[in-house]
Amino acid sequence: MDSNLLSAIPAQHTRFVQLPNEKGHNAVWDFVRSPDDRFYISVCGENEKPLSALLYEYFPATGELRLILDVEKIWIVDSEQMPPSKIHTSIDFLQDGRLIMATHNTAPAPGHKQWLYEQHYEHPWEGYPGSIVMIVNPDTNEVFVRGIPVPRESIYGGILGNDPRYYYFLGYMRGHFYRLNLETNEVRDYGKVSEFSSCRLVKDDRGRIYGSSYTGALWRYEPDSDEIKDLKVSFESPNGTKYRRALIFTLQSPKGTLFLANNLDGEIIELHPETLEVTRHGHIHLRHEQPNKPYLIGGLAADDNFVLYYGLKIVGEEEPIRLVRWDILNGGEPENLGLITVNGKQSEYICEMIFDRDGWLHLVDVCGRYSPFILAVDVKMLQPPGADAPPAEIIPFTEPDMYMSDVSATLVQIDSKSVRTLPLHQYMNWRDTAVKHVSTAGGKGYCISGQHNVIVIESDCSGGKAERIEAVYDGGGPLSCLDGVDGTVIVLTTDRKIVRFDLVSGNVLTVVALPVEVDLVKLHSSLDEGILLATDRDGALFIWDSGNGELHKQENIRVSMDEAHIIRLDDKRILLSGSYDEMFVYDLVNKCSQTLDVRCSSIKGRAFRATMTGGAVLADGTVVGGTADGMLFSLSADLQKVTSYGRLYSSGQLRNFITVGENAILGVYGGVKDAGHVFYFSQERGFVDLGRPRVIKDNAQLYDMETEWANIHYISCLAYVEEDDYLYVASGEEYGCVVRYKGVAFP
């Protein structure tokens, strides 16, 4: 007989402890037990209240609390900036007994009505300055603030390495993995390991660190080699859920294996660290209750016999979260122990649960009517409720939702009729997924990538899978790419070759080695009759004739910075930036230059950042250009008049301009550290931000989309297919992807 699913855990086997919430704190996202058997808990602000985190010591035998730390009193935050509202899955223990931890943010500044962390990402006054790392002495309450290791980034999970010099952590916005050297303060960025936020890090006995992507792909950092390894193991959803599937809870079994659970539609994976063998034990839901909606796991703990306990809740149901038991090592199945609601105080979600040395299980509730609280449960006294068990009193409660905003004015994603993500990281080595170039031909999209070879990825415009992944050249990876004629692509490679190949067939047509004395780094444009413009590491300009293989250095001319862009006016003339805000035209035939009478758009006092980093020519000869400081301008066809349209944001260059029809362009805002946007410009409609390439299902409009997640921070390139109305936006980072938009909503 099925156990009574509407019955509650018997109150006589529990102890209720209300956590401080006088200021509105309603959550806990770190609850830990130290090696010397002390318990610490972080009380946090969730949703719409501008709060800072609190840290308490918790005494499980009595339920008493002792305040150790109020972040608001040890860290200065301007009233217009987002506060450090949480300490989130980042508490660990130094060898001398002190605690190390980091702050996280999901709260608005006092003047904000919503938590607009993306909308204010680069805003100097209203953004999030960045998480701080703290070292805390729990005996004296002394706090040592180490500062902000990554500006603008929010730390979403941290762990101390076996080597106590190193503290490892994850970034919320960018999905990067970082290491802080506690002796030298050096921060190392290992790059992107997740589409977006992922918080849980865990070590095995040898100090190797495990984590996952947002969509549930497991990886391991190996300190001995100082490298991250893609384990090629992913959590699987029985419902095809595309929402948060990241690793969320871990336990080490008596035999040294790791039991791993993911956040939504969870399953239990047992990983053998030495062999990387995986045993799938099944999903966490009750076997007689096959849910047709996603379900959440809340907390995970094991008793002395390694019987598992966890919370289980169906997303969207009014029932409180329930406690489940699973004797997993002995072949048992998940058992319902009752809903977590004691004397009418029901729990909507359990963030963590820990056993004390007396065998009581301490469950931490968050984000409900009475949150936060701890419910200590004597699980030895619990059995699945029978059919005669009385039903629990359930009071429907709707949590204020900071994520599922339906206010379109607050959303940052690019609007279109349809969107499809091509998650390259699911099909390739992560190191090879940073896209260097995108081309289209015959209704197919072609990405050029690779670290040590030139890889072509072919995909259908509307599909979510790669149809062909082929290394067309093995000598070196792509350094710079250009579209050639008749479906060819020209690639400058890291082994100092210029390779031309056919996109569709993958056949290499020519390979030309550069002279020993020439070190080209960028291909700028292709002229008629196979003439290419390129620059070397010092900015010198070269003309390469692909017909005879000759390479000619142009004397007395060089680009002003690495990101500088050369605009092709015609087959004889190019437009470049000169000193400060100067612009000049270079005649490729007569080998002479002319400085223009007009100046490039710049910000007063920052003309040194007026170098053109992007540009294109419209059908009527009007030049549209962008600068390193983010200024957009147009230059009349006669090169006599400049019109400035301002900047998109407070920092970041404009680059990667492509034409749309005869009179409009698309381009990219932002460099490596900026949150990239795609922008649109036409003389009729002006300069318009189209948004970020972000497919995040926290927004109500995107929740049910049948496509994988994407969150491209650094955009590498764009491609637009006018006849089919497809826009390709590619990631320039490892763990890369491409987002394809059909019918972008141009203004």
# chains A, B, ... in the order shown; residues from 1 in each chain; ligands from 1
call {"tool": "residues_around", "arguments": {"residues": "Thr421 (chain A)", "least_positions_apart": "5", "cutoff": "12 Å", "atoms": "only C-alpha atoms", "output": "PDB file with all heavy atoms, in the first residue's frame"}}
result
ATOM      1  N   GLU A 195      27.383  27.003 -17.848  1.00  0.00           N
ATOM      2  CA  GLU A 195      26.659  27.996 -18.622  1.00  0.00           C
ATOM      3  C   GLU A 195      26.354  29.234 -17.782  1.00  0.00           C
ATOM      4  O   GLU A 195      26.318  30.359 -18.286  1.00  0.00           O
ATOM      5  CB  GLU A 195      25.322  27.425 -19.132  1.00  0.00           C
ATOM      6  CG  GLU A 195      25.438  26.216 -20.021  1.00  0.00           C
ATOM      7  CD  GLU A 195      25.474  24.910 -19.240  1.00  0.00           C
ATOM      8  OE1 GLU A 195      25.678  24.932 -18.011  1.00  0.00           O
ATOM      9  OE2 GLU A 195      25.315  23.863 -19.869  1.00  0.00           O
ATOM     10  N   LYS A 242      14.820  21.247 -18.804  1.00  0.00           N
ATOM     11  CA  LYS A 242      15.937  22.059 -19.267  1.00  0.00           C
ATOM     12  C   LYS A 242      16.344  23.099 -18.221  1.00  0.00           C
ATOM     13  O   LYS A 242      17.211  23.916 -18.452  1.00  0.00           O
ATOM     14  CB  LYS A 242      15.553  22.777 -20.569  1.00  0.00           C
ATOM     15  CG  LYS A 242      15.288  21.854 -21.744  1.00  0.00           C
ATOM     16  CD  LYS A 242      16.580  21.285 -22.283  1.00  0.00           C
ATOM     17  CE  LYS A 242      16.387  20.652 -23.644  1.00  0.00           C
ATOM     18  NZ  LYS A 242      15.976  19.271 -23.584  1.00  0.00           N
ATOM     19  N   GLN A 426      28.766  20.079 -25.082  1.00  0.00           N
ATOM     20  CA  GLN A 426      28.213  18.734 -24.920  1.00  0.00           C
ATOM     21  C   GLN A 426      28.771  17.751 -25.942  1.00  0.00           C
ATOM     22  O   GLN A 426      28.659  16.541 -25.773  1.00  0.00           O
ATOM     23  CB  GLN A 426      26.687  18.785 -25.038  1.00  0.00           C
ATOM     24  CG  GLN A 426      26.009  19.505 -23.889  1.00  0.00           C
ATOM     25  CD  GLN A 426      24.497  19.401 -23.940  1.00  0.00           C
ATOM     26  OE1 GLN A 426      23.933  18.734 -24.802  1.00  0.00           O
ATOM     27  NE2 GLN A 426      23.819  20.072 -23.019  1.00  0.00           N
ATOM     28  N   SER A 459      26.030  22.676 -38.380  1.00  0.00           N
ATOM     29  CA  SER A 459      24.741  22.442 -37.742  1.00  0.00           C
ATOM     30  C   SER A 459      23.630  23.010 -38.595  1.00  0.00           C
ATOM     31  O   SER A 459      23.833  23.954 -39.369  1.00  0.00           O
ATOM     32  CB  SER A 459      24.694  23.065 -36.346  1.00  0.00           C
ATOM     33  OG  SER A 459      24.780  24.481 -36.435  1.00  0.00           O
ATOM     34  N   ASP A 460      22.459  22.427 -38.425  1.00  0.00           N
ATOM     35  CA  ASP A 460      21.268  22.981 -39.051  1.00  0.00           C
ATOM     36  C   ASP A 460      20.834  24.203 -38.265  1.00  0.00           C
ATOM     37  O   ASP A 460      20.959  24.245 -37.043  1.00  0.00           O
ATOM     38  CB  ASP A 460      20.148  21.934 -39.051  1.00  0.00           C
ATOM     39  CG  ASP A 460      18.873  22.446 -39.677  1.00  0.00           C
ATOM     40  OD1 ASP A 460      18.774  22.473 -40.914  1.00  0.00           O
ATOM     41  OD2 ASP A 460      17.977  22.854 -38.907  1.00  0.00           O
ATOM     42  N   CYS A 461      20.313  25.195 -38.962  1.00  0.00           N
ATOM     43  CA  CYS A 461      19.976  26.453 -38.293  1.00  0.00           C
ATOM     44  C   CYS A 461      18.976  26.275 -37.163  1.00  0.00           C
ATOM     45  O   CYS A 461      19.029  26.969 -36.155  1.00  0.00           O
ATOM     46  CB  CYS A 461      19.419  27.450 -39.312  1.00  0.00           C
ATOM     47  SG  CYS A 461      20.658  28.094 -40.453  1.00  0.00           S
ATOM     48  N   SER A 462      18.044  25.341 -37.320  1.00  0.00           N
ATOM     49  CA  SER A 462      16.976  25.211 -36.331  1.00  0.00           C
ATOM     50  C   SER A 462      17.218  24.101 -35.325  1.00  0.00           C
ATOM     51  O   SER A 462      16.432  23.912 -34.399  1.00  0.00           O
ATOM     52  CB  SER A 462      15.639  24.954 -37.039  1.00  0.00           C
ATOM     53  OG  SER A 462      15.724  23.759 -37.799  1.00  0.00           O
ATOM     54  N   GLY A 463      18.306  23.328 -35.484  1.00  0.00           N
ATOM     55  CA  GLY A 463      18.544  22.205 -34.596  1.00  0.00           C
ATOM     56  C   GLY A 463      19.386  22.563 -33.399  1.00  0.00           C
ATOM     57  O   GLY A 463      20.004  23.618 -33.340  1.00  0.00           O
ATOM     58  N   GLY A 464      19.418  21.653 -32.420  1.00  0.00           N
ATOM     59  CA  GLY A 464      20.204  21.867 -31.220  1.00  0.00           C
ATOM     60  C   GLY A 464      21.405  20.952 -31.131  1.00  0.00           C
ATOM     61  O   GLY A 464      22.033  20.856 -30.082  1.00  0.00           O
ATOM     62  N   LYS A 465      21.718  20.265 -32.243  1.00  0.00           N
ATOM     63  CA  LYS A 465      22.839  19.331 -32.230  1.00  0.00           C
ATOM     64  C   LYS A 465      23.807  19.641 -33.361  1.00  0.00           C
ATOM     65  O   LYS A 465      23.428  20.184 -34.396  1.00  0.00           O
ATOM     66  CB  LYS A 465      22.329  17.893 -32.367  1.00  0.00           C
ATOM     67  CG  LYS A 465      21.496  17.412 -31.192  1.00  0.00           C
ATOM     68  CD  LYS A 465      21.096  15.962 -31.357  1.00  0.00           C
ATOM     69  CE  LYS A 465      20.296  15.471 -30.153  1.00  0.00           C
ATOM     70  NZ  LYS A 465      19.894  14.052 -30.296  1.00  0.00           N
ATOM     71  N   ALA A 466      25.050  19.269 -33.139  1.00  0.00           N
ATOM     72  CA  ALA A 466      26.057  19.402 -34.182  1.00  0.00           C
ATOM     73  C   ALA A 466      25.933  18.217 -35.136  1.00  0.00           C
ATOM     74  O   ALA A 466      25.895  17.058 -34.710  1.00  0.00           O
ATOM     75  CB  ALA A 466      27.446  19.443 -33.574  1.00  0.00           C
ATOM     76  N   PRO A 693      22.971  37.650 -25.332  1.00  0.00           N
ATOM     77  CA  PRO A 693      22.696  36.271 -25.763  1.00  0.00           C
ATOM     78  C   PRO A 693      22.574  35.368 -24.542  1.00  0.00           C
ATOM     79  O   PRO A 693      23.511  34.682 -24.156  1.00  0.00           O
ATOM     80  CB  PRO A 693      23.912  35.922 -26.622  1.00  0.00           C
ATOM     81  CG  PRO A 693      25.007  36.787 -26.077  1.00  0.00           C
ATOM     82  CD  PRO A 693      24.358  38.047 -25.596  1.00  0.00           C
ATOM     83  N   ARG A 694      21.409  35.381 -23.959  1.00  0.00           N
ATOM     84  CA  ARG A 694      21.184  34.732 -22.670  1.00  0.00           C
ATOM     85  C   ARG A 694      19.863  33.982 -22.741  1.00  0.00           C
ATOM     86  O   ARG A 694      18.802  34.586 -22.897  1.00  0.00           O
ATOM     87  CB  ARG A 694      21.170  35.800 -21.585  1.00  0.00           C
ATOM     88  CG  ARG A 694      20.858  35.303 -20.198  1.00  0.00           C
ATOM     89  CD  ARG A 694      21.297  36.351 -19.193  1.00  0.00           C
ATOM     90  NE  ARG A 694      20.603  36.259 -17.937  1.00  0.00           N
ATOM     91  CZ  ARG A 694      20.870  35.372 -16.978  1.00  0.00           C
ATOM     92  NH1 ARG A 694      21.808  34.481 -17.169  1.00  0.00           N
ATOM     93  NH2 ARG A 694      20.202  35.379 -15.854  1.00  0.00           N
ATOM     94  N   VAL A 695      19.917  32.684 -22.663  1.00  0.00           N
ATOM     95  CA  VAL A 695      18.719  31.851 -22.682  1.00  0.00           C
ATOM     96  C   VAL A 695      18.587  31.263 -21.288  1.00  0.00           C
ATOM     97  O   VAL A 695      19.108  30.193 -20.997  1.00  0.00           O
ATOM     98  CB  VAL A 695      18.824  30.749 -23.758  1.00  0.00           C
ATOM     99  CG1 VAL A 695      17.511  29.976 -23.861  1.00  0.00           C
ATOM    100  CG2 VAL A 695      19.195  31.354 -25.097  1.00  0.00           C
ATOM    101  N   ILE A 696      17.943  32.012 -20.421  1.00  0.00           N
ATOM    102  CA  ILE A 696      17.874  31.678 -19.003  1.00  0.00           C
ATOM    103  C   ILE A 696      16.410  31.500 -18.614  1.00  0.00           C
ATOM    104  O   ILE A 696      15.616  32.420 -18.740  1.00  0.00           O
ATOM    105  CB  ILE A 696      18.511  32.794 -18.145  1.00  0.00           C
ATOM    106  CG1 ILE A 696      19.980  32.945 -18.514  1.00  0.00           C
ATOM    107  CG2 ILE A 696      18.360  32.501 -16.667  1.00  0.00           C
ATOM    108  CD1 ILE A 696      20.832  31.729 -18.259  1.00  0.00           C
ATOM    109  N   MET A 705      10.729  26.932 -22.947  1.00  0.00           N
ATOM    110  CA  MET A 705      11.359  26.829 -24.262  1.00  0.00           C
ATOM    111  C   MET A 705      12.106  25.507 -24.403  1.00  0.00           C
ATOM    112  O   MET A 705      12.808  25.077 -23.500  1.00  0.00           O
ATOM    113  CB  MET A 705      12.316  27.998 -24.494  1.00  0.00           C
ATOM    114  CG  MET A 705      11.611  29.336 -24.617  1.00  0.00           C
ATOM    115  SD  MET A 705      12.775  30.673 -24.933  1.00  0.00           S
ATOM    116  CE  MET A 705      13.331  30.215 -26.568  1.00  0.00           C
ATOM    117  N   GLU A 706      11.938  24.875 -25.556  1.00  0.00           N
ATOM    118  CA  GLU A 706      12.582  23.586 -25.799  1.00  0.00           C
ATOM    119  C   GLU A 706      13.994  23.791 -26.340  1.00  0.00           C
ATOM    120  O   GLU A 706      14.306  23.425 -27.474  1.00  0.00           O
ATOM    121  CB  GLU A 706      11.736  22.762 -26.774  1.00  0.00           C
ATOM    122  CG  GLU A 706      10.489  22.176 -26.153  1.00  0.00           C
ATOM    123  CD  GLU A 706      10.808  21.216 -25.014  1.00  0.00           C
ATOM    124  OE1 GLU A 706      11.775  20.438 -25.150  1.00  0.00           O
ATOM    125  OE2 GLU A 706      10.100  21.243 -24.002  1.00  0.00           O
ATOM    126  N   THR A 707      14.824  24.391 -25.551  1.00  0.00           N
ATOM    127  CA  THR A 707      16.212  24.567 -25.939  1.00  0.00           C
ATOM    128  C   THR A 707      17.076  24.607 -24.694  1.00  0.00           C
ATOM    129  O   THR A 707      16.587  24.890 -23.602  1.00  0.00           O
ATOM    130  CB  THR A 707      16.407  25.854 -26.767  1.00  0.00           C
ATOM    131  OG1 THR A 707      17.745  25.911 -27.268  1.00  0.00           O
ATOM    132  CG2 THR A 707      16.131  27.097 -25.936  1.00  0.00           C
ATOM    133  N   GLU A 708      18.347  24.288 -24.874  1.00  0.00           N
ATOM    134  CA  GLU A 708      19.259  24.304 -23.737  1.00  0.00           C
ATOM    135  C   GLU A 708      19.557  25.731 -23.297  1.00  0.00           C
ATOM    136  O   GLU A 708      19.328  26.701 -24.014  1.00  0.00           O
ATOM    137  CB  GLU A 708      20.572  23.601 -24.099  1.00  0.00           C
ATOM    138  CG  GLU A 708      20.527  22.103 -23.882  1.00  0.00           C
ATOM    139  CD  GLU A 708      20.425  21.703 -22.415  1.00  0.00           C
ATOM    140  OE1 GLU A 708      20.140  22.573 -21.550  1.00  0.00           O
ATOM    141  OE2 GLU A 708      20.611  20.520 -22.120  1.00  0.00           O
ATOM    142  N   TRP A 709      20.110  25.809 -22.111  1.00  0.00           N
ATOM    143  CA  TRP A 709      20.525  27.081 -21.549  1.00  0.00           C
ATOM    144  C   TRP A 709      21.706  27.665 -22.307  1.00  0.00           C
ATOM    145  O   TRP A 709      22.484  26.954 -22.931  1.00  0.00           O
ATOM    146  CB  TRP A 709      20.964  26.872 -20.102  1.00  0.00           C
ATOM    147  CG  TRP A 709      19.836  26.905 -19.142  1.00  0.00           C
ATOM    148  CD1 TRP A 709      18.790  26.044 -19.083  1.00  0.00           C
ATOM    149  CD2 TRP A 709      19.648  27.842 -18.102  1.00  0.00           C
ATOM    150  NE1 TRP A 709      17.963  26.392 -18.062  1.00  0.00           N
ATOM    151  CE2 TRP A 709      18.472  27.492 -17.440  1.00  0.00           C
ATOM    152  CE3 TRP A 709      20.373  28.947 -17.659  1.00  0.00           C
ATOM    153  CZ2 TRP A 709      17.987  28.206 -16.355  1.00  0.00           C
ATOM    154  CZ3 TRP A 709      19.897  29.651 -16.575  1.00  0.00           C
ATOM    155  CH2 TRP A 709      18.716  29.282 -15.938  1.00  0.00           C
ATOM    156  N   ALA A 710      21.839  28.968 -22.211  1.00  0.00           N
ATOM    157  CA  ALA A 710      23.038  29.644 -22.713  1.00  0.00           C
ATOM    158  C   ALA A 710      23.184  30.952 -21.960  1.00  0.00           C
ATOM    159  O   ALA A 710      22.191  31.602 -21.620  1.00  0.00           O
ATOM    160  CB  ALA A 710      22.936  29.918 -24.210  1.00  0.00           C
ATOM    161  N   ASN A 711      24.412  31.313 -21.694  1.00  0.00           N
ATOM    162  CA  ASN A 711      24.699  32.602 -21.071  1.00  0.00           C
ATOM    163  C   ASN A 711      26.086  33.028 -21.556  1.00  0.00           C
ATOM    164  O   ASN A 711      27.082  32.750 -20.916  1.00  0.00           O
ATOM    165  CB  ASN A 711      24.664  32.497 -19.544  1.00  0.00           C
ATOM    166  CG  ASN A 711      24.879  33.846 -18.893  1.00  0.00           C
ATOM    167  OD1 ASN A 711      24.414  34.864 -19.390  1.00  0.00           O
ATOM    168  ND2 ASN A 711      25.590  33.870 -17.779  1.00  0.00           N
ATOM    169  N   ILE A 712      26.112  33.676 -22.717  1.00  0.00           N
ATOM    170  CA  ILE A 712      27.382  34.077 -23.307  1.00  0.00           C
ATOM    171  C   ILE A 712      27.793  35.415 -22.706  1.00  0.00           C
ATOM    172  O   ILE A 712      27.102  36.419 -22.875  1.00  0.00           O
ATOM    173  CB  ILE A 712      27.270  34.193 -24.836  1.00  0.00           C
ATOM    174  CG1 ILE A 712      26.891  32.834 -25.437  1.00  0.00           C
ATOM    175  CG2 ILE A 712      28.583  34.690 -25.431  1.00  0.00           C
ATOM    176  CD1 ILE A 712      26.673  32.868 -26.941  1.00  0.00           C
ATOM    177  N   LEU A 727      20.081  34.973 -36.947  1.00  0.00           N
ATOM    178  CA  LEU A 727      21.236  35.624 -36.347  1.00  0.00           C
ATOM    179  C   LEU A 727      21.977  34.607 -35.498  1.00  0.00           C
ATOM    180  O   LEU A 727      21.386  33.964 -34.626  1.00  0.00           O
ATOM    181  CB  LEU A 727      20.806  36.809 -35.475  1.00  0.00           C
ATOM    182  CG  LEU A 727      21.908  37.465 -34.635  1.00  0.00           C
ATOM    183  CD1 LEU A 727      22.970  38.104 -35.533  1.00  0.00           C
ATOM    184  CD2 LEU A 727      21.324  38.482 -33.665  1.00  0.00           C
ATOM    185  N   TYR A 728      23.292  34.468 -35.750  1.00  0.00           N
ATOM    186  CA  TYR A 728      24.150  33.595 -34.964  1.00  0.00           C
ATOM    187  C   TYR A 728      24.981  34.461 -34.016  1.00  0.00           C
ATOM    188  O   TYR A 728      25.615  35.425 -34.447  1.00  0.00           O
ATOM    189  CB  TYR A 728      25.116  32.821 -35.863  1.00  0.00           C
ATOM    190  CG  TYR A 728      24.490  31.717 -36.671  1.00  0.00           C
ATOM    191  CD1 TYR A 728      23.661  31.999 -37.747  1.00  0.00           C
ATOM    192  CD2 TYR A 728      24.746  30.388 -36.370  1.00  0.00           C
ATOM    193  CE1 TYR A 728      23.102  30.988 -38.502  1.00  0.00           C
ATOM    194  CE2 TYR A 728      24.197  29.363 -37.122  1.00  0.00           C
ATOM    195  CZ  TYR A 728      23.367  29.672 -38.186  1.00  0.00           C
ATOM    196  OH  TYR A 728      22.815  28.654 -38.922  1.00  0.00           O
ATOM    197  N   VAL A 729      24.988  34.104 -32.735  1.00  0.00           N
ATOM    198  CA  VAL A 729      25.817  34.775 -31.738  1.00  0.00           C
ATOM    199  C   VAL A 729      26.674  33.702 -31.079  1.00  0.00           C
ATOM    200  O   VAL A 729      26.149  32.734 -30.523  1.00  0.00           O
ATOM    201  CB  VAL A 729      24.974  35.509 -30.686  1.00  0.00           C
ATOM    202  CG1 VAL A 729      25.870  36.303 -29.742  1.00  0.00           C
ATOM    203  CG2 VAL A 729      23.956  36.435 -31.345  1.00  0.00           C
ATOM    204  N   ALA A 730      28.000  33.868 -31.133  1.00  0.00           N
ATOM    205  CA  ALA A 730      28.909  32.816 -30.686  1.00  0.00           C
ATOM    206  C   ALA A 730      29.695  33.237 -29.454  1.00  0.00           C
ATOM    207  O   ALA A 730      30.022  34.411 -29.263  1.00  0.00           O
ATOM    208  CB  ALA A 730      29.873  32.443 -31.807  1.00  0.00           C
ATOM    209  N   SER A 731      30.035  32.244 -28.631  1.00  0.00           N
ATOM    210  CA  SER A 731      30.822  32.461 -27.420  1.00  0.00           C
ATOM    211  C   SER A 731      32.302  32.391 -27.729  1.00  0.00           C
ATOM    212  O   SER A 731      32.757  31.520 -28.476  1.00  0.00           O
ATOM    213  CB  SER A 731      30.467  31.412 -26.371  1.00  0.00           C
ATOM    214  OG  SER A 731      31.390  31.442 -25.295  1.00  0.00           O
ATOM    215  N   GLY A 736      31.952  26.654 -24.544  1.00  0.00           N
ATOM    216  CA  GLY A 736      31.266  27.586 -25.429  1.00  0.00           C
ATOM    217  C   GLY A 736      29.995  27.028 -26.039  1.00  0.00           C
ATOM    218  O   GLY A 736      29.657  25.851 -25.936  1.00  0.00           O
ATOM    219  N   CYS A 737      29.290  27.932 -26.718  1.00  0.00           N
ATOM    220  CA  CYS A 737      28.055  27.593 -27.393  1.00  0.00           C
ATOM    221  C   CYS A 737      27.778  28.641 -28.462  1.00  0.00           C
ATOM    222  O   CYS A 737      28.462  29.656 -28.558  1.00  0.00           O
ATOM    223  CB  CYS A 737      26.888  27.513 -26.417  1.00  0.00           C
ATOM    224  SG  CYS A 737      26.402  29.118 -25.749  1.00  0.00           S
ATOM    225  N   VAL A 738      26.758  28.383 -29.259  1.00  0.00           N
ATOM    226  CA  VAL A 738      26.256  29.342 -30.229  1.00  0.00           C
ATOM    227  C   VAL A 738      24.754  29.426 -30.032  1.00  0.00           C
ATOM    228  O   VAL A 738      24.081  28.401 -29.852  1.00  0.00           O
ATOM    229  CB  VAL A 738      26.571  28.910 -31.679  1.00  0.00           C
ATOM    230  CG1 VAL A 738      26.020  29.924 -32.672  1.00  0.00           C
ATOM    231  CG2 VAL A 738      28.070  28.736 -31.872  1.00  0.00           C
ATOM    232  N   VAL A 739      24.221  30.641 -30.046  1.00  0.00           N
ATOM    233  CA  VAL A 739      22.781  30.830 -29.955  1.00  0.00           C
ATOM    234  C   VAL A 739      22.290  31.327 -31.304  1.00  0.00           C
ATOM    235  O   VAL A 739      22.832  32.285 -31.851  1.00  0.00           O
ATOM    236  CB  VAL A 739      22.400  31.825 -28.844  1.00  0.00           C
ATOM    237  CG1 VAL A 739      20.880  31.946 -28.737  1.00  0.00           C
ATOM    238  CG2 VAL A 739      22.984  31.389 -27.511  1.00  0.00           C
ATOM    239  N   ARG A 740      21.277  30.654 -31.849  1.00  0.00           N
ATOM    240  CA  ARG A 740      20.705  31.041 -33.128  1.00  0.00           C
ATOM    241  C   ARG A 740      19.313  31.619 -32.902  1.00  0.00           C
ATOM    242  O   ARG A 740      18.458  30.990 -32.269  1.00  0.00           O
ATOM    243  CB  ARG A 740      20.591  29.823 -34.065  1.00  0.00           C
ATOM    244  CG  ARG A 740      21.870  29.425 -34.751  1.00  0.00           C
ATOM    245  CD  ARG A 740      22.681  28.409 -33.980  1.00  0.00           C
ATOM    246  NE  ARG A 740      21.925  27.431 -33.232  1.00  0.00           N
ATOM    247  CZ  ARG A 740      21.647  26.220 -33.683  1.00  0.00           C
ATOM    248  NH1 ARG A 740      22.049  25.839 -34.868  1.00  0.00           N
ATOM    249  NH2 ARG A 740      21.004  25.363 -32.928  1.00  0.00           N
ATOM    250  N   TYR A 741      19.095  32.817 -33.433  1.00  0.00           N
ATOM    251  CA  TYR A 741      17.824  33.519 -33.292  1.00  0.00           C
ATOM    252  C   TYR A 741      17.134  33.595 -34.647  1.00  0.00           C
ATOM    253  O   TYR A 741      17.740  33.979 -35.636  1.00  0.00           O
ATOM    254  CB  TYR A 741      18.034  34.931 -32.766  1.00  0.00           C
ATOM    255  CG  TYR A 741      18.644  34.994 -31.383  1.00  0.00           C
ATOM    256  CD1 TYR A 741      20.019  35.098 -31.218  1.00  0.00           C
ATOM    257  CD2 TYR A 741      17.842  34.939 -30.252  1.00  0.00           C
ATOM    258  CE1 TYR A 741      20.579  35.152 -29.958  1.00  0.00           C
ATOM    259  CE2 TYR A 741      18.398  34.990 -28.983  1.00  0.00           C
ATOM    260  CZ  TYR A 741      19.767  35.094 -28.842  1.00  0.00           C
ATOM    261  OH  TYR A 741      20.321  35.150 -27.595  1.00  0.00           O
ATOM    262  N   LYS A 742      15.870  33.227 -34.666  1.00  0.00           N
ATOM    263  CA  LYS A 742      15.048  33.365 -35.864  1.00  0.00           C
ATOM    264  C   LYS A 742      14.099  34.537 -35.661  1.00  0.00           C
ATOM    265  O   LYS A 742      13.345  34.587 -34.694  1.00  0.00           O
ATOM    266  CB  LYS A 742      14.237  32.093 -36.095  1.00  0.00           C
ATOM    267  CG  LYS A 742      13.196  32.190 -37.216  1.00  0.00           C
ATOM    268  CD  LYS A 742      13.821  32.090 -38.578  1.00  0.00           C
ATOM    269  CE  LYS A 742      12.745  31.939 -39.653  1.00  0.00           C
ATOM    270  NZ  LYS A 742      13.314  31.898 -41.018  1.00  0.00           N
TER     271      LYS A 742
END
call {"tool": "select_by_dssp", "arguments": {"residues": "region 411-643 of chain A", "states": "helix (DSSP H, G or I)", "output": "number ranges by chain"}}
result
A: 424-426, 430-432, 528-530, 607-609
call {"tool": "closest_atom_pairs", "arguments": {"of": "region 79-117 of chain A", "to": "region 149-152 of chain A", "cutoff": "12 Å", "atoms": "only C-alpha atoms", "output": "CSV"}}
result
residue,atom,partner,partner_atom,distance
A:Gln81,CA,A:Arg152,CA,11.2
A:Met82,CA,A:Arg152,CA,10.6
A:Pro84,CA,A:Arg152,CA,11.9
A:Ala102,CA,A:Pro149,CA,10.0
A:Thr103,CA,A:Pro149,CA,11.3
A:His104,CA,A:Arg152,CA,11.0
A:Asn105,CA,A:Arg152,CA,10.7
A:Tyr117,CA,A:Arg152,CA,9.6
call {"tool": "atom_distance", "arguments": {"atom1": "CA of Asn507 (chain A)", "atom2": "CA of Asp483 (chain A)"}}
result
15.1 Å
call {"tool": "closest_atom_pairs", "arguments": {"of": "region 184-282 of chain A", "to": "region 344-356 of chain A", "cutoff": "12 Å", "atoms": "only C-alpha atoms", "output": "Markdown table"}}
result
| residue | atom | partner | partner_atom | distance |
| --- | --- | --- | --- | --- |
| A:Ile248 | CA | A:Cys351 | CA | 9.8 |
| A:Phe249 | CA | A:Glu352 | CA | 8.8 |
| A:Thr250 | CA | A:Glu352 | CA | 11.1 |
| A:Leu251 | CA | A:Ile354 | CA | 11.2 |
| A:Asn263 | CA | A:Cys351 | CA | 10.8 |
call {"tool": "select_by_dssp", "arguments": {"residues": "region 519-668 of chain A", "states": "strand (DSSP E)", "output": "PyMOL selection string"}}
result
chain A and resi 520-526+531-536+540-545+550-558+567-568+573-577+583-587+592-595+612-617+623-627+631-635+642-647+654-660+664-668
